[in-house]
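Peer 1: Can you keep this structure in mind? I'll have questions shortly.
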Amino acid sequence: MAMTTEEGDRLAGLLTEHAERIVQRWTELVATSLRGRLSQAELRLQVQELHRSMINAGARGLADISSESAAELRAVLGELSRNRARQGFSATETAVSVYALKEVLVELADGADGALSLRDVLAFNGVVDQMGLSTFETYVQAREGLIADQAEQLLELSTPVVKIWDGVVAVPLVGTLDSARAQVVMERLLQTLVDTGSPYAIIDITGVPAVDTQVAQHILKTVVAARLMGADCIISGIRPQIAQTIVALGIEFGDIATKASLADALRHVLRLTGVETARRHPRREA
């Protein structure tokens, strides 16, 4: 419900006349809801900023939170929401920072000085509700953005590409390989091949719990992309159970070299490059 121009003026006047009382009580209520997770000084600054932007909006003829006169107020609410999202507060804790103003207004209406009429309380509460919804929406958007960024960072951390020998890089995969992660694997592997000039890459799937047709297709695409960059790929970590599954599914790796372990794959690559290798055998007793 939109406020009238007169109600907007009264809101601005009320917030100005009782500024210290409102800011103090508003800060106390928010501090209680946040249980000391922010300092009193920091909370007071945030409340003062909200209080000031509400006065400015009311003086410009505030009708509702979406009006042009509330542009500054929306900006302050948005900044508060994004900060709370980054600091790990919940959506409820964030919205309470706004809704606490309702209790302050009720206390003013109930006071002996009659600073606020019931009609004004209802009108002002409508604006506070809009402010709370705006805060909640911005918080959700900010939180979703943070989660997306964190998911991308986890993908990158879970797909390291390491140089294990001159001209040899390895990608040790752990966990399920879906389309998004396969894309990250391909991009990181190709970039590392460019950066290091390595002619060989080992894709180790020892930590992949299962290989189905989709996973196999992802691996094959990565191998083909690496070949286009002039590098040969060796797939290691083909355990007996995975080998049986691959045969049962009829998956063909063609001329791609496969090895049972990362050590076998590295030994194979070193032989291709002319490096002498020798298997270690248990020392026999004389």
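In the structure tokens, each chain is lettered A, B, ... as it comes, each chain's residues begin at 1, and ligands are numbered from 1 in order of appearance.
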Could the residues of range 211-238 of chain A that have an atom at most 8 Å from range 244-257 of chain A be listed as a Markdown table, each with its closest atom pair and the distance in Å to one decimal, counting only C-alpha atoms and ordered by chain and ascending residue number?

Peer 2:
```
| residue | atom | partner | partner_atom | distance |
| --- | --- | --- | --- | --- |
| A:Val211 | CA | A:Ile246 | CA | 7.2 |
| A:Asp212 | CA | A:Ile246 | CA | 7.3 |
| A:Thr213 | CA | A:Ile251 | CA | 7.0 |
| A:Ala216 | CA | A:Ile251 | CA | 7.4 |
| A:Leu220 | CA | A:Phe253 | CA | 7.4 |
| A:Cys233 | CA | A:Ile256 | CA | 7.0 |
| A:Ile234 | CA | A:Ala257 | CA | 5.0 |
| A:Ile235 | CA | A:Ala257 | CA | 6.3 |
```

Peer 1: Would you output that residue set with C-alpha atoms, as an mmCIF file, in the first residue's frame?

Peer 2:
```cif
data_model
loop_
_atom_site.group_PDB
_atom_site.id
_atom_site.type_symbol
_atom_site.label_atom_id
_atom_site.label_comp_id
_atom_site.auth_asym_id
_atom_site.auth_seq_id
_atom_site.Cartn_x
_atom_site.Cartn_y
_atom_site.Cartn_z
ATOM 1 C CA VAL A 211 32.678 -44.887 -15.303
ATOM 2 C CA ASP A 212 29.530 -44.849 -17.403
ATOM 3 C CA THR A 213 28.924 -43.843 -21.003
ATOM 4 C CA ALA A 216 33.665 -41.983 -20.915
ATOM 5 C CA LEU A 220 37.286 -38.956 -24.831
ATOM 6 C CA CYS A 233 46.935 -38.555 -23.531
ATOM 7 C CA ILE A 234 47.261 -41.685 -21.439
ATOM 8 C CA ILE A 235 44.400 -42.782 -19.200
#
```

Peer 1: Mind listing the alpha helix (DSSP H) residues of range 112-271 of chain A, per DSSP on the backbone, as an MDAnalysis selection string?

Peer 2: chainID A and resid 118:157 179:196 213:228 240:249 262:271

Peer 1: So, counting only C-alpha atoms, which residue among A:Ser97, A:Gln46, A:Thr16, A:Thr5 is closest to Leu29 in chain A?

Peer 2: A:Ser97

Peer 1: With only C-alpha atoms as the atoms that count, which of A:Leu80, A:Leu133, A:Leu105, A:Leu62 lies nearest to His18 in chain A?

Peer 2: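 So, comparing all the options, the nearest one is A:Leu105.
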